[in-house]
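Input: a single structure, listed below in structure tokens.
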Amino acid sequence: MPKGLRRLILWDYPRGVWQYDIICALILLFIFASPTRWFNDQPRIPNAAQITSLPAQPGESAFWIDTGLVTSIPEEKRLDELGKILTARTRKQHVMTRIEPIYDADKELKGYMAFSKP
């Protein structure tokens with residue numbers, strides 16, 4: 001292996017020399033100029049953790065829903081509104097059948113289980 005290539009791979013240059021600066025510039029160029037498709041990078045969906053799909057019985061869908069999403073909806077409209085939210089997020093039609101609150105051992109509300117029929 002040529003000595004120059006070996007020194008480059010092992011980062012054998014002291015700080016302050018031009019070779020060190022070139023290596024740093026190449027690393028920065030790679031970080032900021034590489035296309036996102038190289039890494040299969042996807043944009044983050046805001047509030048994606050508010051709804052989580054769970055395994056359910058055949059013919060039924062189950063979702064864990066964060067308390068912040070449900071408590072902001074009036075109780076009489078929850079089934080319809082959550083059905084619309086799930087339809088928008090999953091791009092599949094959901095008809096909500098029931099919503100059950102989930103409490104921990106201290107009787108503190110942790111979330112909701114929502115069940116729907118696709």
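Residue numbering restarts at 1 for every chain of the structure tokens, chains are lettered A, B, ... in their displayed order, and ligands are numbered from 1 as they appear.
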Original post:
Which residues in region 35-101 of chain A does DSSP call helix (DSSP H, G or I)? List them as a PyMOL selection string.
Top reply: chain A and resi 36-39+48-50+67-71+75-90
Original post:
Residues at most 10 Å from Gly83 (chain A), counting only C-alpha atoms, excluding those fewer than 2 positions away in the same chain, as a list in words?
Top reply: Arg78, Leu79, Asp80, Glu81, Ile85, Leu86, Thr87, Ala88, Arg89, Lys92, Gln93, His94, Val95, Met96, Thr97, Ala114, Phe115, Ser116, Lys117 and Pro118 of chain A
Could you save those same residues with C-alpha atoms as a short mmCIF file (atom, residue, chain, number, x, y, z; two decimals), in the first residue's frame?
data_model
loop_
_atom_site.label_atom_id
_atom_site.label_comp_id
_atom_site.auth_asym_id
_atom_site.auth_seq_id
_atom_site.Cartn_x
_atom_site.Cartn_y
_atom_site.Cartn_z
CA ARG A 78 -63.99 11.07 19.65
CA LEU A 79 -64.96 8.05 17.58
CA ASP A 80 -65.63 10.08 14.43
CA GLU A 81 -62.59 12.37 14.81
CA ILE A 85 -57.28 11.03 11.89
CA LEU A 86 -56.49 7.33 11.38
CA THR A 87 -57.84 7.43 7.83
CA ALA A 88 -55.63 10.43 7.05
CA ARG A 89 -52.51 8.87 8.58
CA LYS A 92 -57.16 3.44 4.67
CA GLN A 93 -60.77 3.93 5.71
CA HIS A 94 -61.29 3.23 9.45
CA VAL A 95 -64.61 3.00 11.25
CA MET A 96 -63.93 3.28 14.98
CA THR A 97 -65.83 0.76 17.09
CA ALA A 114 -58.78 2.37 19.88
CA PHE A 115 -60.33 -0.39 17.83
CA SER A 116 -61.60 -0.06 14.29
CA LYS A 117 -62.87 -2.09 11.40
CA PRO A 118 -61.09 -1.27 8.17
#
Can you pull out every residue within 7 Å of Ile65 (chain A), counting only C-alpha atoms, but drop anything in the same chain fewer than 6 positions away, and send it as a PDB file with N, CA and C atoms, in the first residue's frame?
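The new file around-v9.pdb reads:
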ATOM      1  N   GLN A  50     -47.803   9.584  18.390  1.00  0.00           N
ATOM      2  CA  GLN A  50     -49.101   9.723  19.031  1.00  0.00           C
ATOM      3  C   GLN A  50     -50.007   8.547  18.724  1.00  0.00           C
ATOM      4  N   ILE A  51     -49.797   7.885  17.605  1.00  0.00           N
ATOM      5  CA  ILE A  51     -50.611   6.735  17.219  1.00  0.00           C
ATOM      6  C   ILE A  51     -49.674   5.594  16.836  1.00  0.00           C
ATOM      7  N   THR A  52     -49.923   4.424  17.440  1.00  0.00           N
ATOM      8  CA  THR A  52     -49.123   3.246  17.129  1.00  0.00           C
ATOM      9  C   THR A  52     -50.055   2.096  16.787  1.00  0.00           C
ATOM     10  N   GLY A 111     -52.822   6.289  28.194  1.00  0.00           N
ATOM     11  CA  GLY A 111     -53.148   6.336  26.789  1.00  0.00           C
ATOM     12  C   GLY A 111     -54.489   5.691  26.538  1.00  0.00           C
ATOM     13  N   TYR A 112     -54.793   5.485  25.279  1.00  0.00           N
ATOM     14  CA  TYR A 112     -56.061   4.869  24.900  1.00  0.00           C
ATOM     15  C   TYR A 112     -55.812   3.764  23.901  1.00  0.00           C
ATOM     16  N   MET A 113     -56.628   2.725  23.977  1.00  0.00           N
ATOM     17  CA  MET A 113     -56.667   1.696  22.952  1.00  0.00           C
ATOM     18  C   MET A 113     -57.883   1.988  22.093  1.00  0.00           C
TER      19      MET A 113
END
**OP:** May I have all residues of region 19-97 of chain A that DSSP, computed from the backbone, assigns to strand (DSSP E), given as JSON, numbers by chain?
**Re:** {"A": [51, 52, 53, 54, 61, 62, 63, 64, 65, 95, 96, 97]}
Keeping only C-alpha atoms, write the selected residues as a compact mmCIF listing (two decimals), in the first residue's frame.
# COMPACT_ATOMS: atom_id res chain seq x y z
CA ILE A 51 -50.61 6.74 17.22
CA THR A 52 -49.12 3.25 17.13
CA SER A 53 -50.60 0.29 15.27
CA LEU A 54 -50.83 -2.90 17.32
CA SER A 61 -57.39 -2.98 13.78
CA ALA A 62 -56.01 -1.88 17.14
CA PHE A 63 -54.14 1.33 17.86
CA TRP A 64 -52.47 2.81 20.92
CA ILE A 65 -53.23 6.53 21.00
CA VAL A 95 -64.61 3.00 11.25
CA MET A 96 -63.93 3.28 14.98
CA THR A 97 -65.83 0.76 17.09
**OP:** Find the residue from A:Ser34, A:Glu108, A:Ile102, A:Arg7 that sits nearest to Tyr20 (chain A); use only C-alpha atoms when measuring.
**Re:**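 Closest residue, counting only C-alpha atoms: A:Arg7.
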**OP:** Quick one: everything within 9 Å of region 22-31 of chain A, counting only C-alpha atoms, minus sequence neighbours fewer than 3 positions away in the same chain. Send it as a PyMOL selection string.
**Re:** chain A and resi 8+11+17-19+34
Original post:
Hey, can you check how far CA of Lys110 (chain A) sits from CA of Thr67 (chain A)?
Top reply: 6.7 Å
Original post:
What does the distance from CA of Ser72 (chain A) to CA of Tyr103 (chain A) come to in Å, to one decimal?
Top reply: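 Computing it gives 18.1 Å between the two atoms.
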